[in-house]
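What follows is a short report on a single structure.
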Amino acid sequence: MAIMIKTTAEIEKMRRSGILLRQVHDAIAPLVVPGATTMDLEEAACRKIEELGAIPAFKGYHGFPAALCTSVNNQVVHGIPNAKTVLKDGDIVSIDCGVILDGYYSDAAVTYPVGKVSEQTTKLLEVTKQSLELAIKQAVVGGRLGDISAAVQEHCEAAGFGVVREFVGHGIGKAMHEDPQVPNYGAKGKGPRLKAGMVLAIEPMINAGGPEVKVLKDGWTAVTIDGGYSAHFEHTVAITKDGPYVLTR
């Protein structure tokens, strides 16, 4: 496993990519309302990415057809936007997006409640988001990759939620997926040592019920086996001598 170390100049380029990606997310957020389709969100994202002069990272990646992954309710990741999926009160939707700017990737995901959601669903979103922040705090020079993984697993399992095993975070830079893989489960003190210049996409994928998932016939959309809702939050994070630097805030 060759983990790429980025220079300060490369991290700055990734930061610019990350700022732009945040603007895309900010443009989509107000559109997540009952009655919107996931294709409405996709079209808004494409317009914003083009307006900002970036390239959608997901479109065409291994044949994926869209700029966004829009995963609704029991869809975990890689949901494909379409005009038939209408968001309704009580739904949740994970919006995962990546862009390329000057050859550098950024990747971030947010799960939004649609209208009014149940208390249990609100808790799922809050705990998943908290687990991302706890994981980011572990992205420090001299730590281990397992410290990041364990932070997510411990927090989410303590709240009674299932941690997805089949999908993981990843290194990121001039490619969307670089080494290392960043699981959301694992043991503290294990795995590669973290060094300044590593950049990781940390992305807890957490289920309200059990951790088991399956991929649908479209070859992309992953869903929970038990039909429970699933939440997904992601940031692109650089490890620096001054601590974790979130590039997609």
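Residues in the structure tokens are numbered from 1 in each chain, the chains being A, B, ... in the order shown, and ligands are numbered from 1 in the order shown.
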
DSSP alpha helix (DSSP H) residues within stretch 98-148 of chain A, as a ChimeraX atom specification: /A:119-137,145-148

Selection: 10 Å around stretch 59-63 of chain A, only C-alpha atoms, excl. self and same-chain fewer than 4 positions, as an NGL selection string: :A and (46 or 55 or 67-69 or 97-99 or 176 or 220)

Using only C-alpha atoms, the shortest atom-to-atom distance to A:Ala187 among A:Glu203, A:Asp218, A:Asp26, A:Glu154 belongs to A:Glu154

Any chance you could list, as an MDAnalysis selection string, the residues in stretch 33-237 of chain A that come up strand (DSSP E) when DSSP is run on the backbone? chainID A and resid 55:56 68:72 75:77 92:101 104:113 162:163 169:171 178:182 199:202 205:207 213:215 222:224 230:232 235:237

Which residue gives the smallest distance to A:Ala36 among A:Thr236, A:Thr85, A:Gln181, A:Gln153, with only C-alpha atoms counted? A:Thr85

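Proximity ranking of A:Val33, A:Met205, A:Leu20, A:Ser131 relative to A:Ala158 places A:Ser131 first, based on only C-alpha atoms.
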